[in-house]
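Report on the structure given below.
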Amino acid sequence: MTSFLHRYTRGDHESVWRELRALGPVPPRLRADVTAVADATMQRVARHIARITAALPHLGFIPEATLPLHRPPTPTDHTELDTLTHEIGPLPAALASCLRHIGAVSLLGDWPPSTSTTTLPLPAPRTPHTPTPSTSPT
């Protein structure tokens, strides 16, 4: 059987996570593989978050002044996570990896007023007499 991590790193993200969710409680024999997939996933997420939060101010986003957009986890965060795990037992793999690799993210803020507007077309409002694909005559 190919490891979940091997499949995940080859791009089979959705199938791997679908199978991991279907496992329910992780059997001890799979714990290291599941943790490795969770770590790989959250490292990927952390790279995207860093890229997005670095770009937002250049696109005109005005972040909330009191919070950074992204603060990677610190050694103190890792120590607190280890303490929590020791006190209450293991956290779900995805949650533990998220706390270990992503850190704090705050997308609170605003965009400056724009002089141009972009209007997206809205669908026509539905009425009780508007046919739907399932009720349209063929």
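Labeling convention for the structure tokens: chains A, B, ... as they appear, residues from 1 per chain, ligands from 1 in order of appearance.
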For A:Pro73, list every protein, DNA or RNA residue within 7 Å, evaluated using only C-alpha atoms, and leave out those in the same chain fewer than 5 positions away; present the list as a PDB file with N, CA and C atoms, in the first residue's frame.
ATOM      1  N   ARG A 100       1.040  24.371  14.554  1.00  0.00           N
ATOM      2  CA  ARG A 100       2.500  24.274  14.480  1.00  0.00           C
ATOM      3  C   ARG A 100       3.085  25.004  13.265  1.00  0.00           C
ATOM      4  N   HIS A 101       2.332  25.084  12.158  1.00  0.00           N
ATOM      5  CA  HIS A 101       2.910  25.616  10.919  1.00  0.00           C
ATOM      6  C   HIS A 101       2.336  26.953  10.445  1.00  0.00           C
ATOM      7  N   ILE A 102       1.131  27.287  10.836  1.00  0.00           N
ATOM      8  CA  ILE A 102       0.496  28.488  10.261  1.00  0.00           C
ATOM      9  C   ILE A 102       0.659  29.715  11.135  1.00  0.00           C
ATOM     10  N   GLY A 103       0.428  29.603  12.422  1.00  0.00           N
ATOM     11  CA  GLY A 103       0.530  30.767  13.294  1.00  0.00           C
ATOM     12  C   GLY A 103      -0.754  31.566  13.293  1.00  0.00           C
TER      13      GLY A 103
END
Can you list, as a list in words, all residues belonging to chain A that DSSP tags as strand (DSSP E)?
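Result set for chain A (strand (DSSP E)): Ile62, Pro63, His70, Arg71, Ala104, Val105, Gly109 and Asp110 of chain A.
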Counting only C-alpha atoms, what are the residues of stretch 19-77 of chain A within 10 Å of stretch 104-107 of chain A, and for each of them which pair of atoms is the nearest and at what distance in Å, to one decimal? Sort the table by chain and rising number, as a Markdown table.
| residue | atom | partner | partner_atom | distance |
| --- | --- | --- | --- | --- |
| A:Ala46 | CA | A:Val105 | CA | 9.8 |
| A:Ile49 | CA | A:Val105 | CA | 8.0 |
| A:Ala50 | CA | A:Val105 | CA | 9.4 |
| A:Thr53 | CA | A:Leu107 | CA | 8.1 |
| A:Leu56 | CA | A:Leu107 | CA | 9.4 |
| A:Phe61 | CA | A:Leu107 | CA | 9.5 |
| A:Ile62 | CA | A:Leu107 | CA | 9.7 |
| A:Pro63 | CA | A:Leu107 | CA | 7.1 |
| A:Glu64 | CA | A:Leu107 | CA | 8.1 |
| A:Leu67 | CA | A:Ser106 | CA | 6.7 |
| A:Pro68 | CA | A:Ser106 | CA | 6.6 |
| A:Leu69 | CA | A:Ser106 | CA | 4.8 |
| A:His70 | CA | A:Val105 | CA | 4.5 |
| A:Arg71 | CA | A:Ala104 | CA | 5.0 |
| A:Pro72 | CA | A:Ala104 | CA | 6.4 |
| A:Pro73 | CA | A:Ala104 | CA | 7.1 |
| A:Thr74 | CA | A:Ala104 | CA | 10.0 |
Between atom CA of A:Pro57 and atom CA of A:Asp110 - distance in Å to one decimal
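Rounded to one decimal, the two atoms are 10.3 Å apart.
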Which residue, A:Ala36, A:Leu108, A:Ala93, A:Ala65, has the smallest gap to A:Arg21 when you use only C-alpha atoms?
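Going through A:Ala36, A:Leu108, A:Ala93, A:Ala65 one by one, the smallest distance to A:Arg21 is for A:Ala93.
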Contacts of A:Leu30 within 12 Å, only C-alpha atoms, excl. fewer than 4 positions in-chain, as number ranges by chain
A: 1-5, 20, 23-26, 34-37, 93
Shortest interatomic distance to A:Asp82 - which of A:Thr66, A:Leu99, A:Arg44, A:Ala94, counting only C-alpha atoms:
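When distances to A:Asp82 are compared using only C-alpha atoms, the smallest one comes from A:Leu99.
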Could you work out how far atom CA of A:Thr41 lies from atom CA of A:Ser97, giving the answer in Å with one decimal?
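Between atom CA of A:Ser97 and atom CA of A:Thr41 the gap works out to 8.3 Å.
Between atom CA of A:Thr85 and atom CA of A:Asp39 the separation is 16.3 Å.
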Which residues in stretch 3-123 of chain A does DSSP call alpha helix (DSSP H)? List them as a ChimeraX atom specification.
/A:4-9,13-23,31-55,75-88,93-101
Please dump the current selection as an mmCIF file, in the first residue's frame; keep C-alpha atoms.
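Full text of again-v1.cif as output:
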data_model
loop_
_atom_site.group_PDB
_atom_site.id
_atom_site.type_symbol
_atom_site.label_atom_id
_atom_site.label_comp_id
_atom_site.auth_asym_id
_atom_site.auth_seq_id
_atom_site.Cartn_x
_atom_site.Cartn_y
_atom_site.Cartn_z
ATOM 1 C CA PHE A 4 -0.874 8.631 2.234
ATOM 2 C CA LEU A 5 2.036 11.092 2.261
ATOM 3 C CA HIS A 6 3.462 9.693 -0.975
ATOM 4 C CA ARG A 7 0.087 10.032 -2.675
ATOM 5 C CA TYR A 8 -0.448 13.519 -1.217
ATOM 6 C CA THR A 9 2.932 14.798 -2.412
ATOM 7 C CA HIS A 13 -4.795 15.866 -2.208
ATOM 8 C CA GLU A 14 -8.564 15.446 -2.248
ATOM 9 C CA SER A 15 -8.632 11.636 -2.348
ATOM 10 C CA VAL A 16 -6.093 11.361 0.441
ATOM 11 C CA TRP A 17 -8.029 13.709 2.729
ATOM 12 C CA ARG A 18 -11.320 12.003 1.877
ATOM 13 C CA GLU A 19 -9.807 8.665 2.931
ATOM 14 C CA LEU A 20 -8.274 10.160 6.067
ATOM 15 C CA ARG A 21 -11.635 11.601 7.127
ATOM 16 C CA ALA A 22 -13.246 8.218 6.514
ATOM 17 C CA LEU A 23 -10.796 6.567 8.927
ATOM 18 C CA ARG A 31 -0.495 7.919 12.959
ATOM 19 C CA ALA A 32 2.939 8.935 11.599
ATOM 20 C CA ASP A 33 1.699 8.887 7.989
ATOM 21 C CA VAL A 34 -1.417 10.907 8.849
ATOM 22 C CA THR A 35 0.664 13.433 10.798
ATOM 23 C CA ALA A 36 3.050 13.760 7.841
ATOM 24 C CA VAL A 37 0.117 14.481 5.489
ATOM 25 C CA ALA A 38 -1.291 17.054 7.918
ATOM 26 C CA ASP A 39 2.144 18.704 8.193
ATOM 27 C CA ALA A 40 2.589 18.781 4.403
ATOM 28 C CA THR A 41 -0.891 20.272 4.005
ATOM 29 C CA MET A 42 -0.393 22.997 6.599
ATOM 30 C CA GLN A 43 3.077 23.850 5.267
ATOM 31 C CA ARG A 44 1.428 24.333 1.886
ATOM 32 C CA VAL A 45 -1.288 26.482 3.474
ATOM 33 C CA ALA A 46 1.345 28.535 5.332
ATOM 34 C CA ARG A 47 3.169 29.270 2.055
ATOM 35 C CA HIS A 48 -0.083 30.467 0.462
ATOM 36 C CA ILE A 49 -0.996 32.588 3.481
ATOM 37 C CA ALA A 50 2.449 34.221 3.502
ATOM 38 C CA ARG A 51 2.201 34.975 -0.217
ATOM 39 C CA ILE A 52 -1.346 36.366 0.009
ATOM 40 C CA THR A 53 -0.774 38.464 3.132
ATOM 41 C CA ALA A 54 2.428 39.920 1.649
ATOM 42 C CA ALA A 55 0.582 40.927 -1.526
ATOM 43 C CA PRO A 75 8.988 28.830 19.613
ATOM 44 C CA THR A 76 6.674 29.924 22.447
ATOM 45 C CA ASP A 77 3.663 28.828 20.386
ATOM 46 C CA HIS A 78 5.287 25.417 19.896
ATOM 47 C CA THR A 79 5.996 25.112 23.621
ATOM 48 C CA GLU A 80 2.383 26.003 24.452
ATOM 49 C CA LEU A 81 1.131 23.435 21.923
ATOM 50 C CA ASP A 82 3.372 20.774 23.480
ATOM 51 C CA THR A 83 2.095 21.708 26.955
ATOM 52 C CA LEU A 84 -1.521 21.530 25.802
ATOM 53 C CA THR A 85 -0.952 18.139 24.178
ATOM 54 C CA HIS A 86 0.681 16.868 27.363
ATOM 55 C CA GLU A 87 -2.241 18.122 29.477
ATOM 56 C CA ILE A 88 -5.200 16.982 27.352
ATOM 57 C CA ALA A 93 -3.530 15.863 13.296
ATOM 58 C CA ALA A 94 -4.802 18.714 11.107
ATOM 59 C CA LEU A 95 -5.388 21.014 14.094
ATOM 60 C CA ALA A 96 -1.982 20.281 15.648
ATOM 61 C CA SER A 97 -0.258 20.846 12.294
ATOM 62 C CA CYS A 98 -2.203 24.060 11.727
ATOM 63 C CA LEU A 99 -1.082 25.432 15.078
ATOM 64 C CA ARG A 100 2.500 24.274 14.480
ATOM 65 C CA HIS A 101 2.910 25.616 10.919
#
